[in-house]
Amino acid sequence: MNTLMRKTQKAVLSLLIAVLTASIVTIVALAAGPYTRTEGTTTSQNLVKVGGTQNKQTLPSASCAGSYCGTLTQPTGGAGNTIYEWNMGTSNVSNIYHWCAYIPTTIPTAASRYVISELSHTYSWDVLVNQSNFKGKFVYLGFSDYPNQSPADISKRPGLDNACQSGYSCDGRKVYFDTIRYTTYPSTMGSDCLLD
Amino acid sequence: MRKIDWVVSAFAGIVLGVLGLVTGVTNSFLHPEPVSAESPIDVALSTILTSHARWHTVQGEAEFVWYSEDGSTQTYTNKFALSQPDNVYVEVVDQTGLGVDGIWISDGENIYDLNKQNKTYTQNIFRDALRDTSYLPSKLSDVNPSTVKFYPLATVINAPVREYLFPSWFPQGREGDIYTIDKEESFLGRKVWVIRWNTIDNDETIVWVDKTTGIILKASQFMGGKPFLDMTFTSFDVNGKIDPEIFKVPQDYSPASK
């Protein structure tokens with residue numbers, strides 16, 4: 001009886017040692033990798049290209065990006081100063097849909113007003129941009145749903161002005177203007193502001 | 001057990017382990033599954049990116065101090081009440097008399113820009129496009145390195161507090177920008193992250209972010225190493241009841257002549 005017990009104890013102990021050794025071998029091997037891990041990140045994204053080029057326009061020239069295409073000086077002392085408008089391009093454009101502006105990296109910049117105005121001036125589409133928060137990137141300024149609500153041949157002229165904006169600094173800072181990109185309606189293109 | 005028994009057992013274990021690895025049997029119970037390893041800064045930036053979905057109403061007051069290049073300052077107070085998705089009241093009070101103030105109201109059908117000096121207002125339609133948030137990135141991996149997408153309604157609100165009530169632009173910096181959490185603390189009785197954003201051209205913005213709503217309650221911005229803006233919420237209430245009358249043009253205002 002004692003012999004049987006001893007043999008059983010030996011067998012169990014041997015099995016335990018074998019399993020323990022096997023586990024150590026496996027864990028050590030797996031610890032060497034490779035690992036599979038996903039994590040959120042704000043960098044190293046692939047550029048997402050938007051489809052189609054026929055309707056994509058750039059005013060006045062893509063070569064402005066990285067520097068700036070023009071500048072105006074904001075007034076000092078609030079309302080009542082002369083406001084100048086800086087039009088992007090010389091001709092009017094019909095049916096602007098997606099609309100983007102490149103914000104130069106030149107500092108310091110101030111809040112500026114981008115305006116797409118209908119020639120009849122019964123409707124305008126203003127977007128305020130605090131340039132200091134978007135330097136070196138295109139800002140998607142939105143899309144127009146106006147073609148759905150009125151005749152589709154409304155002409156618009158995209159532009160910017162140097163008016164001081166409510167609640168922002170108004171101290172004679174420069175406003176730098178750069179490339180504007182837009183698509184015309186109807187369009188299947190997205191809102192990523194990128195040329196193909 | 002004799003010495004030979006220990007050796008045989010260990011050898012058997014090694015053989016067993018190698019066999020398990022080769023055949024892949026051990027993978028089923030030892031190999032780790034892919035997991036999402038969001039760092040604390042990713043959690044904070046994701047909260048900011050989706051801030052607009054984390055509250056229904058907000059009201060309060062914020063102070064803005066803009067630093068001019070000559071060292072002088074301009075101070076504004078922004079009083080605000082917003083009820084999602086499209087009711088907005090923002091009043092800008094110019095404390096130094098050097099800039100532009102006014103009141104901006106949206107009732108969801110029209111937008112009103114009020115001139116406090118001559119008690120007039122201009123009116124524009126509230127475009128449906130301002131309600132379309134489908135193009136906004138909903139997670140950090142959707143952020144486009146070349147393009148910033150701002151909350152549509154915030155693009156037209158005529159007051160700087162819009163940028164902090166709708167801060168989805170904040171995590172959309174350029175490739176190479178660095179975001180770090182300095183610390184966690186309390187501000188206005190709310191738990192906040194203190195996050196530092198250093199851009200690749202040496203601008204720096206420090207923000208105090210409400211951990212529940214993702215709204216930026218305080219910010220200090222430096223451009224080229226010089227102070228540019230200090231913004232501080234002085235009062236803040238989330239999801240409280242707002243009197244709907246505030247989203248109507250006051251009766252003593254009249255339409256501006258064109």
# chains A, B, ... in the order shown; residues from 1 in each chain; ligands from 1
$ residues_around --residues "Glu185 of chain B" --least-positions-apart "5" --cutoff "9 Å" --atoms "only C-alpha atoms" --output "count of residues only"
6
$ atom_distance --atom1 "atom CA of Asp230 of chain B" --atom2 "atom CA of Val207 of chain B"
10.0 Å
$ residues_around --residues "Tyr135 of chain B" --least-positions-apart "4" --cutoff "12 Å" --atoms "only C-alpha atoms" --output "MDAnalysis selection string"
(chainID A and resid 98 140:143 189:193) or (chainID B and resid 129:131 139 142:144 147:152)
$ write_last_selection --atoms "C-alpha atoms" --output "PDB file, in the first residue's frame"
ATOM      1  CA  HIS A  98     -17.993  72.782 -49.367  1.00  0.00           C
ATOM      2  CA  TYR A 140     -13.537  73.449 -42.964  1.00  0.00           C
ATOM      3  CA  LEU A 141     -15.929  76.379 -42.998  1.00  0.00           C
ATOM      4  CA  GLY A 142     -19.034  74.370 -43.697  1.00  0.00           C
ATOM      5  CA  PHE A 143     -21.314  73.752 -46.579  1.00  0.00           C
ATOM      6  CA  MET A 189     -16.826  65.426 -52.504  1.00  0.00           C
ATOM      7  CA  GLY A 190     -16.274  65.385 -48.803  1.00  0.00           C
ATOM      8  CA  SER A 191     -15.264  67.972 -46.304  1.00  0.00           C
ATOM      9  CA  ASP A 192     -11.573  67.241 -45.980  1.00  0.00           C
ATOM     10  CA  CYS A 193     -10.399  70.247 -47.992  1.00  0.00           C
TER      11      CYS A 193
ATOM     12  CA  ALA B 129     -26.351  73.074 -42.554  1.00  0.00           C
ATOM     13  CA  LEU B 130     -25.639  74.448 -39.082  1.00  0.00           C
ATOM     14  CA  ARG B 131     -27.318  71.390 -37.572  1.00  0.00           C
ATOM     15  CA  LYS B 139     -12.989  59.732 -32.382  1.00  0.00           C
ATOM     16  CA  ASP B 142     -10.911  60.215 -37.423  1.00  0.00           C
ATOM     17  CA  VAL B 143      -9.067  63.508 -36.999  1.00  0.00           C
ATOM     18  CA  ASN B 144      -7.631  64.698 -40.295  1.00  0.00           C
ATOM     19  CA  THR B 147      -8.065  69.914 -41.793  1.00  0.00           C
ATOM     20  CA  VAL B 148      -9.795  71.251 -38.706  1.00  0.00           C
ATOM     21  CA  LYS B 149     -13.532  70.731 -38.484  1.00  0.00           C
ATOM     22  CA  PHE B 150     -15.310  73.050 -36.119  1.00  0.00           C
ATOM     23  CA  TYR B 151     -18.772  72.464 -34.661  1.00  0.00           C
ATOM     24  CA  PRO B 152     -21.056  73.989 -37.338  1.00  0.00           C
TER      25      PRO B 152
END
$ select_by_dssp --residues "segment 97-219 of chain B" --states "strand (DSSP E)" --output "PyMOL selection string"
chain B and resi 102-107+110-115+120-125+147-149+178-187+190-198+204-210+216-219
$ atom_distance --atom1 "atom CA of Phe80 of chain B" --atom2 "atom CA of Gly60 of chain B"
5.5 Å
$ atom_distance --atom1 "atom CA of Ser166 of chain A" --atom2 "atom CA of Arg174 of chain B"
27.5 Å
$ residues_around --residues "Ile125 of chain B" --least-positions-apart "5" --cutoff "7 Å" --atoms "only C-alpha atoms" --output "PyMOL selection string"
chain B and resi 109-111
$ closest_residue --among "A:Leu15, A:Cys170, A:Val139, A:Val127" --to "Tyr67 of chain B" --atoms "only C-alpha atoms"
A:Cys170
